[in-house]
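Asker: input21.tsv is the file, holding TSV, C-alpha atoms:
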```
chain	number	residue	atom	x	y	z
A	20	MET	CA	0.00	0.00	0.00
A	21	SER	CA	1.41	3.40	-0.94
A	22	LEU	CA	2.36	5.94	1.70
A	23	ARG	CA	-0.26	8.33	0.42
A	24	ALA	CA	-3.04	5.75	0.85
A	25	ARG	CA	-1.80	5.04	4.36
A	26	ILE	CA	-1.83	8.73	5.26
A	27	ILE	CA	-5.33	9.19	3.86
A	28	CYS	CA	-6.52	6.15	5.78
A	29	PHE	CA	-4.97	7.44	9.00
A	30	LEU	CA	-6.42	10.95	8.56
A	31	LEU	CA	-9.86	9.55	7.77
A	32	GLY	CA	-9.75	7.55	11.00
A	33	LEU	CA	-8.71	10.65	12.95
A	34	LEU	CA	-11.49	12.68	11.29
A	35	ILE	CA	-14.18	10.14	12.20
A	36	ILE	CA	-12.99	9.89	15.81
A	37	ALA	CA	-12.71	13.67	16.17
A	38	LEU	CA	-16.13	14.28	14.64
A	39	ILE	CA	-17.89	11.66	16.75
A	40	SER	CA	-16.16	12.79	19.97
A	41	PHE	CA	-17.18	16.35	19.14
A	42	PHE	CA	-20.83	15.34	18.82
A	43	VAL	CA	-20.69	13.16	21.93
A	44	ARG	CA	-19.21	16.04	23.96
A	45	ARG	CA	-21.89	18.35	22.61
A	46	ARG	CA	-24.47	15.70	23.61
A	47	ARG	CA	-25.77	15.43	20.09
A	48	ILE	CA	-24.94	11.71	20.03
A	49	TYR	CA	-25.41	9.34	22.94
A	50	THR	CA	-22.38	7.29	23.90
A	51	VAL	CA	-24.05	3.97	23.07
A	52	HIS	CA	-24.65	5.11	19.52
A	53	ALA	CA	-21.07	6.36	19.18
A	54	ILE	CA	-19.52	2.96	19.82
A	55	THR	CA	-19.86	1.58	16.29
A	56	TRP	CA	-18.64	4.82	14.72
A	57	LEU	CA	-15.61	5.02	16.99
A	58	SER	CA	-14.74	1.39	16.19
A	59	LEU	CA	-14.90	2.27	12.51
A	60	GLY	CA	-12.49	5.17	13.13
A	61	VAL	CA	-10.10	2.94	15.07
A	62	LEU	CA	-10.25	0.41	12.22
A	63	PHE	CA	-9.11	3.15	9.80
A	64	LEU	CA	-6.28	4.15	12.12
A	65	ILE	CA	-5.05	0.56	12.35
A	66	MET	CA	-5.21	0.17	8.58
A	67	GLY	CA	-3.12	3.34	8.20
A	68	ILE	CA	-0.51	2.49	10.82
A	69	PHE	CA	-0.14	-1.26	10.20
A	70	PRO	CA	-0.83	-1.90	6.49
A	71	ILE	CA	0.34	-5.49	7.00
A	72	PHE	CA	-3.17	-6.38	8.25
A	73	ILE	CA	-4.88	-5.04	5.17
A	74	GLU	CA	-2.35	-6.70	2.88
A	75	TYR	CA	-2.92	-10.02	4.61
A	76	LEU	CA	-6.70	-9.54	4.35
A	77	ALA	CA	-6.41	-8.73	0.64
A	78	GLN	CA	-4.39	-11.89	0.10
A	79	LEU	CA	-6.92	-13.89	2.08
A	80	LEU	CA	-9.84	-12.59	0.03
A	81	GLY	CA	-8.01	-12.90	-3.28
A	82	ILE	CA	-7.95	-9.14	-3.90
A	83	TYR	CA	-4.93	-8.18	-6.01
A	84	PHE	CA	-5.28	-4.41	-5.67
A	85	VAL	CA	-4.72	-3.88	-1.95
A	86	PRO	CA	-6.58	-0.55	-1.41
A	87	THR	CA	-9.78	-2.30	-2.54
A	88	ALA	CA	-9.58	-4.23	0.71
A	89	ILE	CA	-9.91	-0.91	2.54
A	90	ILE	CA	-13.24	-0.39	0.80
A	91	VAL	CA	-14.31	-3.91	1.77
A	92	VAL	CA	-13.49	-3.22	5.42
A	93	THR	CA	-15.28	0.15	5.27
A	94	LEU	CA	-18.35	-1.47	3.75
A	95	GLY	CA	-18.37	-4.12	6.45
A	96	GLY	CA	-18.08	-1.46	9.16
A	97	LEU	CA	-20.87	0.62	7.64
A	98	ILE	CA	-23.20	-2.38	7.30
A	99	PHE	CA	-22.55	-3.19	10.94
A	100	THR	CA	-23.27	0.44	11.93
A	101	VAL	CA	-26.55	0.47	10.03
A	102	LEU	CA	-27.55	-2.84	11.57
A	103	HIS	CA	-26.83	-1.41	15.00
A	104	LEU	CA	-28.98	1.63	14.14
A	105	THR	CA	-31.82	-0.62	12.96
A	106	ILE	CA	-31.78	-2.47	16.25
A	107	ILE	CA	-31.84	0.82	18.16
A	108	ALA	CA	-34.68	2.12	15.97
A	109	SER	CA	-36.69	-1.04	16.66
A	110	GLU	CA	-36.13	-0.68	20.39
A	111	GLN	CA	-37.36	2.90	20.21
A	112	HIS	CA	-40.35	1.85	18.11
A	113	LYS	CA	-41.23	-0.64	20.83
A	114	LYS	CA	-40.89	1.94	23.60
A	115	ILE	CA	-42.89	4.65	21.84
A	116	ARG	CA	-45.60	2.11	21.12
A	117	SER	CA	-45.93	1.12	24.75
A	118	PHE	CA	-45.87	4.79	25.82
A	119	GLU	CA	-48.73	5.50	23.42
A	120	LYS	CA	-50.76	2.71	24.97
A	121	GLU	CA	-50.05	3.69	28.57
A	122	ILE	CA	-50.76	7.38	27.95
A	123	SER	CA	-53.99	6.58	26.12
A	124	ILE	CA	-55.14	4.56	29.14
A	125	LEU	CA	-54.23	7.40	31.50
A	126	LYS	CA	-56.33	9.77	29.39
A	127	ILE	CA	-59.41	7.53	29.56
A	128	ARG	CA	-62.75	9.26	29.19
A	129	ASP	CA	-65.88	8.23	30.97
A	130	LYS	CA	-69.32	9.70	31.48
B	9	MET	CA	-63.37	-8.86	40.92
B	10	GLY	CA	-65.38	-11.88	39.94
B	11	ASN	CA	-66.62	-12.80	36.55
B	12	LYS	CA	-66.39	-9.52	34.76
B	13	TYR	CA	-66.12	-9.03	31.06
B	14	LEU	CA	-64.48	-6.25	29.14
B	15	VAL	CA	-65.61	-5.71	25.58
B	16	VAL	CA	-63.00	-3.98	23.45
B	17	LEU	CA	-64.21	-2.26	20.30
B	18	ALA	CA	-61.63	-0.73	18.01
B	19	SER	CA	-63.30	2.03	16.05
B	20	LEU	CA	-62.49	4.61	13.44
B	21	ASN	CA	-65.27	6.78	12.00
B	22	GLU	CA	-68.09	4.42	13.03
B	23	GLU	CA	-70.63	6.88	14.45
B	24	LEU	CA	-73.51	5.23	12.57
B	25	ALA	CA	-72.87	1.67	13.65
B	26	ILE	CA	-71.35	1.92	17.08
B	27	GLY	CA	-74.50	3.17	18.85
B	28	ASN	CA	-76.44	0.05	17.93
B	29	VAL	CA	-73.55	-2.20	18.85
B	30	LEU	CA	-73.22	-0.58	22.27
B	31	ALA	CA	-76.96	-0.80	22.88
B	32	ASP	CA	-76.96	-4.47	21.89
B	33	ILE	CA	-74.03	-5.21	24.17
B	34	LYS	CA	-75.84	-3.57	27.08
B	35	LYS	CA	-78.93	-5.62	26.28
B	36	TYR	CA	-77.36	-9.05	25.82
B	37	ILE	CA	-74.22	-8.90	27.98
B	38	PRO	CA	-75.33	-6.63	30.81
B	39	ASP	CA	-72.42	-7.40	33.16
B	40	ALA	CA	-69.78	-6.32	30.66
B	41	ASP	CA	-67.82	-3.09	30.68
B	42	VAL	CA	-67.24	-1.62	27.27
B	43	LEU	CA	-63.99	0.02	26.21
B	44	VAL	CA	-64.06	1.81	22.90
B	45	VAL	CA	-60.57	2.32	21.53
B	46	ASP	CA	-60.87	5.10	19.03
B	47	GLY	CA	-58.31	6.14	16.45
B	48	TYR	CA	-59.12	9.86	16.68
B	49	SER	CA	-62.23	9.61	14.53
B	50	LYS	CA	-63.28	12.68	12.61
B	51	ASP	CA	-66.98	12.08	13.26
B	52	LYS	CA	-68.93	11.73	16.51
B	53	THR	CA	-67.84	8.19	17.40
B	54	VAL	CA	-66.44	9.29	20.76
B	55	GLU	CA	-69.52	11.30	21.77
B	56	VAL	CA	-71.90	8.50	20.75
B	57	SER	CA	-69.85	5.94	22.69
B	58	LEU	CA	-69.74	8.14	25.80
B	59	ASP	CA	-73.50	8.65	25.57
B	60	HIS	CA	-73.98	4.88	25.60
B	61	GLY	CA	-71.97	4.56	28.79
B	62	ALA	CA	-68.77	3.19	27.29
B	63	LYS	CA	-65.29	4.12	28.40
B	64	VAL	CA	-63.29	5.69	25.61
B	65	ILE	CA	-59.56	5.79	25.06
B	66	GLN	CA	-57.85	7.17	22.00
B	67	VAL	CA	-54.83	5.61	20.35
B	68	ASP	CA	-53.45	7.28	17.26
B	69	LYS	CA	-54.60	5.55	14.11
B	70	ALA	CA	-50.99	5.30	12.93
B	71	TYR	CA	-50.77	2.32	15.28
B	72	GLY	CA	-53.70	0.74	13.51
B	73	ILE	CA	-56.03	-1.81	14.97
B	74	ALA	CA	-52.99	-3.48	16.55
B	75	GLY	CA	-52.27	-0.56	18.86
B	76	ALA	CA	-55.94	-0.31	19.74
B	77	VAL	CA	-56.33	-3.93	20.77
B	78	GLU	CA	-53.01	-3.91	22.63
B	79	ALA	CA	-54.22	-0.91	24.63
B	80	GLY	CA	-57.39	-2.89	25.38
B	81	ILE	CA	-55.32	-5.88	26.51
B	82	LEU	CA	-53.21	-3.64	28.75
B	83	TYR	CA	-56.34	-2.05	30.25
B	84	ALA	CA	-57.97	-5.42	30.90
B	85	SER	CA	-54.82	-6.67	32.58
B	86	GLN	CA	-54.53	-3.59	34.79
B	87	HIS	CA	-58.15	-3.81	35.91
B	88	ASN	CA	-58.36	-7.57	36.48
B	89	TYR	CA	-61.10	-8.45	34.07
B	90	SER	CA	-61.79	-12.14	33.85
B	91	HIS	CA	-62.37	-12.09	30.10
B	92	LEU	CA	-61.63	-9.73	27.27
B	93	ILE	CA	-64.02	-9.83	24.34
B	94	ARG	CA	-62.67	-8.25	21.21
B	95	LEU	CA	-65.30	-7.42	18.61
B	96	ASP	CA	-65.50	-5.37	15.46
B	97	ALA	CA	-67.16	-2.02	16.04
B	98	ASP	CA	-69.20	-2.20	12.85
B	99	GLY	CA	-71.67	-4.69	14.28
B	100	GLN	CA	-70.42	-7.69	12.33
B	101	HIS	CA	-70.52	-9.84	15.42
B	102	PRO	CA	-73.99	-9.64	17.00
B	103	PRO	CA	-73.67	-9.42	20.79
B	104	GLU	CA	-76.47	-11.95	21.23
B	105	GLU	CA	-74.22	-14.55	19.60
B	106	ILE	CA	-71.41	-13.59	21.95
B	107	ALA	CA	-73.76	-13.98	24.90
B	108	LYS	CA	-74.56	-17.51	23.72
B	109	ILE	CA	-70.85	-18.35	23.53
B	110	LEU	CA	-70.22	-16.85	26.97
B	111	ASN	CA	-73.01	-18.93	28.47
B	112	SER	CA	-72.00	-22.18	26.84
B	113	ASN	CA	-68.27	-22.48	26.50
B	114	LEU	CA	-66.48	-20.59	29.20
B	115	ALA	CA	-67.11	-23.19	31.86
B	116	ASN	CA	-64.28	-25.42	30.69
B	117	ASN	CA	-60.72	-24.20	30.80
B	118	VAL	CA	-60.37	-22.50	27.44
B	119	ASP	CA	-58.06	-19.50	27.19
B	120	PHE	CA	-58.90	-18.36	23.72
B	121	VAL	CA	-62.29	-18.63	22.04
B	122	LEU	CA	-62.28	-17.85	18.36
B	123	GLY	CA	-65.52	-17.01	16.60
B	124	SER	CA	-65.48	-18.60	13.18
B	125	ARG	CA	-67.93	-17.89	10.40
B	126	TYR	CA	-67.09	-21.13	8.59
B	127	LEU	CA	-68.22	-23.66	11.17
B	128	GLY	CA	-71.85	-23.21	10.23
B	129	ASP	CA	-74.10	-21.27	7.90
B	130	ALA	CA	-73.32	-17.60	8.37
B	131	ASP	CA	-75.48	-14.88	6.89
B	132	TYR	CA	-72.38	-13.03	5.88
B	133	SER	CA	-70.40	-14.10	2.85
B	134	GLU	CA	-67.35	-12.42	1.47
B	135	SER	CA	-65.71	-12.11	-1.91
B	136	LEU	CA	-63.80	-14.99	-3.47
B	137	LEU	CA	-60.48	-13.14	-3.20
B	138	ARG	CA	-61.01	-12.70	0.49
B	139	LYS	CA	-61.94	-16.35	0.95
B	140	ILE	CA	-58.81	-17.44	-0.86
B	141	SER	CA	-56.57	-15.19	1.20
B	142	ILE	CA	-58.14	-16.36	4.46
B	143	SER	CA	-57.82	-20.02	3.58
B	144	SER	CA	-54.23	-19.62	2.44
B	145	ILE	CA	-53.27	-17.95	5.71
B	146	CYS	CA	-55.04	-20.74	7.56
B	147	LEU	CA	-53.10	-23.28	5.53
B	148	LEU	CA	-49.82	-21.56	6.41
B	149	LEU	CA	-50.83	-21.53	10.07
B	150	LYS	CA	-51.50	-25.23	9.88
B	151	VAL	CA	-48.31	-26.12	8.04
B	152	LEU	CA	-45.87	-23.82	9.81
B	153	HIS	CA	-47.33	-23.56	13.29
B	154	LYS	CA	-49.52	-26.64	13.57
B	155	VAL	CA	-52.60	-24.67	14.60
B	156	ASN	CA	-55.91	-25.86	13.25
B	157	VAL	CA	-58.34	-23.01	12.72
B	158	THR	CA	-60.92	-22.37	10.05
B	159	ASP	CA	-61.29	-18.60	10.30
B	160	CYS	CA	-57.97	-17.06	11.24
B	161	THR	CA	-58.82	-13.45	10.38
B	162	SER	CA	-62.01	-13.32	12.38
B	163	GLY	CA	-62.35	-10.23	14.55
B	164	CYS	CA	-64.27	-12.03	17.26
B	165	HIS	CA	-61.93	-13.25	19.97
B	166	ILE	CA	-62.48	-13.96	23.66
B	167	TYR	CA	-59.35	-14.05	25.81
B	168	SER	CA	-59.08	-15.35	29.34
B	169	LYS	CA	-57.29	-13.47	32.08
B	170	ASN	CA	-54.20	-15.68	31.79
B	171	LEU	CA	-53.81	-14.92	28.13
B	172	VAL	CA	-54.43	-11.20	28.62
B	173	ASP	CA	-51.79	-11.04	31.35
B	174	TYR	CA	-49.33	-12.97	29.23
B	175	PHE	CA	-49.61	-10.56	26.30
B	176	ALA	CA	-49.82	-7.44	28.47
B	177	LYS	CA	-46.40	-8.31	29.91
B	178	ASP	CA	-44.89	-8.81	26.48
B	179	SER	CA	-43.75	-5.33	25.48
B	180	ALA	CA	-42.51	-6.48	22.08
B	181	PHE	CA	-45.87	-7.96	21.18
B	182	GLU	CA	-47.59	-6.46	18.18
B	183	TYR	CA	-51.13	-7.62	17.81
B	184	SER	CA	-52.64	-9.01	14.68
B	185	GLU	CA	-55.58	-11.38	14.42
B	186	VAL	CA	-53.32	-14.06	12.98
B	187	ARG	CA	-50.27	-13.50	15.13
B	188	ILE	CA	-52.09	-13.81	18.42
B	189	ILE	CA	-53.35	-17.23	17.35
B	190	TRP	CA	-49.95	-18.82	16.85
B	191	MET	CA	-48.33	-16.96	19.73
B	192	ALA	CA	-51.03	-18.17	22.08
B	193	HIS	CA	-50.67	-21.67	20.69
B	194	GLU	CA	-46.91	-21.57	21.11
B	195	ALA	CA	-47.24	-20.36	24.69
B	196	GLY	CA	-49.43	-23.35	25.43
B	197	PHE	CA	-52.84	-21.71	25.74
B	198	LYS	CA	-55.88	-23.74	24.77
B	199	ILE	CA	-57.65	-22.42	21.69
B	200	GLN	CA	-61.22	-23.33	20.86
B	201	GLU	CA	-63.20	-22.38	17.83
B	202	THR	CA	-66.94	-21.95	17.85
B	203	PHE	CA	-69.41	-20.88	15.24
B	204	ILE	CA	-70.56	-17.30	15.21
B	205	ASN	CA	-73.14	-15.91	12.87
B	206	MET	CA	-71.77	-12.77	11.30
B	207	ALA	CA	-73.98	-10.02	10.01
B	208	PRO	CA	-73.07	-8.09	6.89
B	209	ARG	CA	-71.75	-4.58	7.42
B	210	LEU	CA	-74.58	-2.06	7.25
B	211	THR	CA	-72.89	1.32	7.49
B	212	GLY	CA	-69.50	2.93	7.40
B	213	GLU	CA	-66.45	2.02	5.41
B	214	SER	CA	-64.53	-1.20	5.70
B	215	SER	CA	-60.77	-0.98	5.83
B	216	PHE	CA	-60.74	-3.78	3.27
B	217	THR	CA	-59.57	-2.47	-0.09
B	218	PRO	CA	-57.46	-4.41	-2.61
B	219	LEU	CA	-54.33	-2.47	-1.64
B	220	ASN	CA	-54.92	-2.99	2.07
B	221	ALA	CA	-55.66	-6.63	1.44
B	222	ALA	CA	-52.41	-7.13	-0.45
B	223	ASN	CA	-50.52	-5.33	2.31
B	224	TYR	CA	-52.27	-7.44	4.94
B	225	MET	CA	-51.53	-10.68	3.11
B	226	PHE	CA	-47.90	-9.76	2.55
B	227	LYS	CA	-47.35	-8.82	6.18
B	228	ASN	CA	-49.05	-11.93	7.48
B	229	ILE	CA	-47.23	-14.32	5.20
B	230	LEU	CA	-43.87	-12.71	5.95
B	231	ASP	CA	-44.66	-12.85	9.64
B	232	LEU	CA	-45.72	-16.49	9.52
B	233	VAL	CA	-42.69	-17.58	7.54
B	234	LEU	CA	-40.18	-15.62	9.63
B	235	SER	CA	-41.65	-16.91	12.86
B	236	MET	CA	-41.58	-20.58	11.91
B	237	PRO	CA	-40.56	-22.65	14.90
B	238	VAL	CA	-37.73	-24.29	12.98
B	239	PHE	CA	-35.24	-25.28	15.66
B	240	PHE	CA	-36.67	-23.66	18.75
B	241	LYS	CA	-39.69	-21.73	19.87
B	242	ILE	CA	-39.39	-18.07	18.97
B	243	ASN	CA	-41.10	-16.15	21.73
B	244	LYS	CA	-39.79	-18.22	24.58
B	245	GLY	CA	-38.18	-16.23	27.35
B	246	LYS	CA	-38.31	-12.99	25.44
B	247	ASN	CA	-41.17	-11.45	27.32
B	248	SER	CA	-39.17	-9.37	29.74
B	249	LYS	CA	-39.38	-5.61	29.52
```
Could I get this structure in the form of structure tokens?
Answerer:
Amino acid sequence: MSLRARIICFLLGLLIIALISFFVRRRRIYTVHAITWLSLGVLFLIMGIFPIFIEYLAQLLGIYFVPTAIIVVTLGGLIFTVLHLTIIASEQHKKIRSFEKEISILKIRDK
Amino acid sequence: MGNKYLVVLASLNEELAIGNVLADIKKYIPDADVLVVDGYSKDKTVEVSLDHGAKVIQVDKAYGIAGAVEAGILYASQHNYSHLIRLDADGQHPPEEIAKILNSNLANNVDFVLGSRYLGDADYSESLLRKISISSICLLLKVLHKVNVTDCTSGCHIYSKNLVDYFAKDSAFEYSEVRIIWMAHEAGFKIQETFINMAPRLTGESSFTPLNAANYMFKNILDLVLSMPVFFKINKGKNSK
């Protein structure tokens, strides 16, 4: 992997971590939701610092052009993040639903 | 509380029909409380229901009939009713028939009484498309979940206190006429089907349109297939909050 690709990878990782920490500190993102994003950032950092991992992965997957493996890893990380979000959304759906029921019962009308 | 019934009617824009239904319920099942779960109707459904002595709660119609019946289940569980009777608010299930069922069948230990229009000669008959969809869902229920019912989309259900408590505790439960059948079966409740004579709808608009029907079919089939008890029972131990 070329030095330039490694630097870009490293900077991208730093950018993700900085951005997410910024939002967490501003309380725009809850810590639980930040976990997957931060892991993705750390993954980028590792790929930038130790390219041996990504080269090994590329060899394992039969990818001849090594930087493509970066995209594969990114895609995997993003799919995982979206899955995590879907689970959280479903949990919230469940909670809002039960709130709606409980509140409707509290607001019961009778004559 | 002793033997007290709660009738749950899910309604949306039913001001013409619901008055008669409520009057009939008072006449034939006098010891029942009535809970009308309204989806913020635009007409006078709420006022008419209140005038007939029913309790009214309002659940946004975005939650559909599922949210309405779940709210009814929650209410019944909180107030210790011995049986919950879930009927359609359009008067499809005549309360006198329900009274007959209540008098005859609730003595033995049945948790779930299902009113079926196919076990006898009902006055009400539906379109061929609807018959086909109902029988195919029933077939799926039989094949995938080993539940034998003839009318799985019937809106006439009677739940015992045990069943109501079980589903009230289950915060992830989303009601549908079909889903509650196999979930109750899986949880080991005894289901019994009896004949109920259904009357044709007289007023108001049915929610049954081709698009809705396709949506309903798709959701039910997806649900039935995804919930197949392949290696283990799905909803076992997942009822904690």
Asker: Might I get the box with edges along x, y and z of the file that holds all atoms of stretch 128-139 of chain B listed there, padded by 8 Å on every side, given as centre and edge lengths in Å to one decimal, as AutoDock Vina command-line options?
Answerer:
```
--center_x -68.0 --center_y -17.7 --center_z 3.4 --size_x 31.0 --size_y 27.1 --size_z 29.7
```
Asker: Pick out the residues sitting within 12 Å of stretch 44-54 of chain B, and hand them over as a PyMOL selection string; count only C-alpha atoms, and ignore anything fewer than 4 positions along from it in its own chain.
Answerer: (chain A and resi 119-120+123-124+126-130) or (chain B and resi 14-30+58-83+93-98+212)
Asker: Could you state the separation of atom CA of B:Asp159 and atom CA of A:Ser117 in Å, given to one decimal place?
Answerer: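 Those two atoms sit 28.9 Å apart.
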Asker: What lies within 9 Å of B:His193 using all atoms listed in the file, ignoring chain neighbours under 4 positions off, as a ChimeraX atom specification?
Answerer: /B:153-155,188-189,197-199
Asker: Please measure the separation of atom CA of A:Leu22 and atom CA of A:Pro70, giving the value in Å to one decimal.
Answerer: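 Between atom CA of A:Leu22 and atom CA of A:Pro70 the gap works out to 9.7 Å.
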Asker: Restricting the calculation to all atoms listed in the file: of A:Ala24, A:Ile90, A:Ile71, A:Ile122, which residue gets closest to chain B?
Answerer: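 Ranking A:Ala24, A:Ile90, A:Ile71, A:Ile122 by distance to chain B, first place goes to A:Ile122.
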Asker: Smallest atom-to-atom distance to chain A: which of B:Gln86, B:Asn228, B:Gln200, B:Ser179, using all atoms listed in the file?
Answerer: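 Among B:Gln86, B:Asn228, B:Gln200, B:Ser179, it is B:Ser179 that comes nearest to chain A.
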Asker: For each of B:Ala31, B:Leu110, B:Val186, B:Val56, take the minimum atom-to-atom distance to B:Ser162, counting all atoms listed in the file, then give the residue where this is smallest.
Answerer: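 Checking each of B:Ala31, B:Leu110, B:Val186, B:Val56 against B:Ser162, counting all atoms listed in the file, the winner is B:Val186.
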Asker: Find, counting only C-alpha atoms, the residue in B:Lys227, B:His101, B:Lys150, B:Lys177 that gets nearest to chain A.
Answerer: B:Lys177
Asker: Between atom CA of B:Ile204 and atom CA of B:Ser85, what distance in Å does the model show, to one decimal?
Answerer: 25.7 Å
